[in-house]
Amino acid sequence: MDLTLGKGLFLIAAPSLRDPNFRQTVVLLCEHGPEGALGVVVNRPTAMSISEALPQVPIIEGASHVLYAGGPVQTNQVMLLYRGREFPENAHHVLDGVCLGGDMGMVERILTNVGGQEAFRAYLGYSGWGPGQLENEMKTGSWILMPADPNLLFEKDPSSVWRDLVLTLGDTYRPYAEMPFDPSCN
């Protein structure tokens, strides 16, 4: 499968990528263009809940939704990723049924519609690349591209996402799927 960099793709960290910010991560690429790229790490939950990060928002008070570490850029900013059918006008389309935004009305609708298909995830910070930076990282083999899957984003246990995606890459990658985060601990 030959994919071109663009929004709506997963960047799977190659097993050789040692940068602790991205080791064994899966990044949803939310924007890509001549000015650079922006994404969120989808498999790094924090110990913090969204209500701790946004205590001033009454609708999420007491909500147990986990806050994810979206990346090393602007780690004081919360970004929201939504799955649904209808989105606010100011939402940024990422892939079919998924958008990026900060609309608390959408969060309220999701929280009060128990059992619905809509969902959201909150990310502290994001992953960003300057012009040409991600393209250079692709050339060095730091990332593997794969079409993004909303089910992996919103339903799968985040601790197994990288491993499960690496296993789909074939037998060559199978040994890496079992390696610990820090190989020196092996």
# chains A, B, ... in the order shown; residues from 1 in each chain; ligands from 1
>>> residues_around(residues="Cys30 of chain A", least_positions_apart="3", cutoff="6 Å", atoms="only C-alpha atoms", output="ChimeraX atom specification")
/A:7,38-39,94
>>> select_by_dssp(residues="segment 4-185 of chain A", states="helix (DSSP H, G or I)", output="count of residues only")
48
>>> closest_atom_pairs(of="segment 78-177 of chain A", to="segment 16-23 of chain A", cutoff="12 Å", atoms="only C-alpha atoms", output="JSON lines")
{"residue": "A:Gly125", "atom": "CA", "partner": "A:Asn21", "partner_atom": "CA", "distance": 11.7}
{"residue": "A:Tyr126", "atom": "CA", "partner": "A:Asn21", "partner_atom": "CA", "distance": 10.9}
{"residue": "A:Ser127", "atom": "CA", "partner": "A:Asn21", "partner_atom": "CA", "distance": 9.2}
{"residue": "A:Gly128", "atom": "CA", "partner": "A:Asn21", "partner_atom": "CA", "distance": 11.6}
{"residue": "A:Glu137", "atom": "CA", "partner": "A:Leu17", "partner_atom": "CA", "distance": 9.9}
{"residue": "A:Met138", "atom": "CA", "partner": "A:Leu17", "partner_atom": "CA", "distance": 11.2}
{"residue": "A:Thr140", "atom": "CA", "partner": "A:Leu17", "partner_atom": "CA", "distance": 9.9}
{"residue": "A:Gly141", "atom": "CA", "partner": "A:Ser16", "partner_atom": "CA", "distance": 8.2}
{"residue": "A:Ser142", "atom": "CA", "partner": "A:Leu17", "partner_atom": "CA", "distance": 5.5}
{"residue": "A:Trp143", "atom": "CA", "partner": "A:Leu17", "partner_atom": "CA", "distance": 7.9}
{"residue": "A:Ile144", "atom": "CA", "partner": "A:Leu17", "partner_atom": "CA", "distance": 10.7}
{"residue": "A:Trp162", "atom": "CA", "partner": "A:Arg23", "partner_atom": "CA", "distance": 9.8}
{"residue": "A:Arg163", "atom": "CA", "partner": "A:Arg23", "partner_atom": "CA", "distance": 11.8}
{"residue": "A:Tyr173", "atom": "CA", "partner": "A:Ser16", "partner_atom": "CA", "distance": 11.2}
{"residue": "A:Tyr176", "atom": "CA", "partner": "A:Ser16", "partner_atom": "CA", "distance": 9.4}
>>> atom_distance(atom1="atom CA of Gly132 of chain A", atom2="atom CA of Pro34 of chain A")
7.5 Å
>>> residues_around(residues="Pro45 of chain A", least_positions_apart="4", cutoff="7 Å", atoms="only C-alpha atoms", output="number ranges by chain")
A: 66-69
>>> residues_around(residues="Met104 of chain A", least_positions_apart="2", cutoff="10 Å", atoms="only C-alpha atoms", output="ChimeraX atom specification")
/A:57-60,80,101-102,106-110
>>> closest_residue(among="A:Leu95, A:Val78, A:Leu165, A:Ala37", to="Leu145 of chain A", atoms="only C-alpha atoms")
A:Leu165
>>> atom_distance(atom1="atom CA of Thr46 of chain A", atom2="atom CA of Gly70 of chain A")
9.9 Å
>>> atom_distance(atom1="atom CA of Glu86 of chain A", atom2="atom CA of Asn113 of chain A")
13.7 Å
>>> closest_residue(among="A:Glu118, A:His65, A:Glu135, A:Glu52", to="Gly84 of chain A", atoms="only C-alpha atoms")
A:Glu118
>>> residues_around(residues="Val41 of chain A", least_positions_apart="4", cutoff="7 Å", atoms="only C-alpha atoms", output="list in words")
Thr25, Val26, Val27, Leu28, Ala69, Gly70 and Gly71 of chain A
>>> closest_residue(among="A:Gln74, A:Pro15, A:Glu61, A:Gly33", to="Pro180 of chain A", atoms="only C-alpha atoms")
A:Pro15
>>> residues_around(residues="Tyr82 of chain A", least_positions_apart="3", cutoff="8 Å", atoms="only C-alpha atoms", output="ChimeraX atom specification")
/A:98-101,118-121
>>> write_last_selection(atoms="C-alpha atoms", output="PDB file, in the first residue's frame")
ATOM      1  CA  VAL A  98     -13.784  12.405  12.908  1.00  0.00           C
ATOM      2  CA  CYS A  99     -12.935  16.055  13.513  1.00  0.00           C
ATOM      3  CA  LEU A 100     -10.692  18.167  15.705  1.00  0.00           C
ATOM      4  CA  GLY A 101     -12.070  21.103  17.643  1.00  0.00           C
ATOM      5  CA  GLU A 118     -20.534   9.758  19.258  1.00  0.00           C
ATOM      6  CA  ALA A 119     -17.360   9.966  21.309  1.00  0.00           C
ATOM      7  CA  PHE A 120     -14.511  12.319  22.114  1.00  0.00           C
ATOM      8  CA  ARG A 121     -10.966  12.199  23.371  1.00  0.00           C
TER       9      ARG A 121
END
>>> select_by_dssp(residues="chain A", states="strand (DSSP E)", output="number ranges by chain")
A: 9-13, 26-33, 36-41, 45-49, 66-69, 73-83, 92-95, 98-101, 119-129, 143-147
>>> closest_residue(among="A:Asn151, A:Ser49, A:Asn76, A:Thr168", to="Ala63 of chain A", atoms="only C-alpha atoms")
A:Ser49
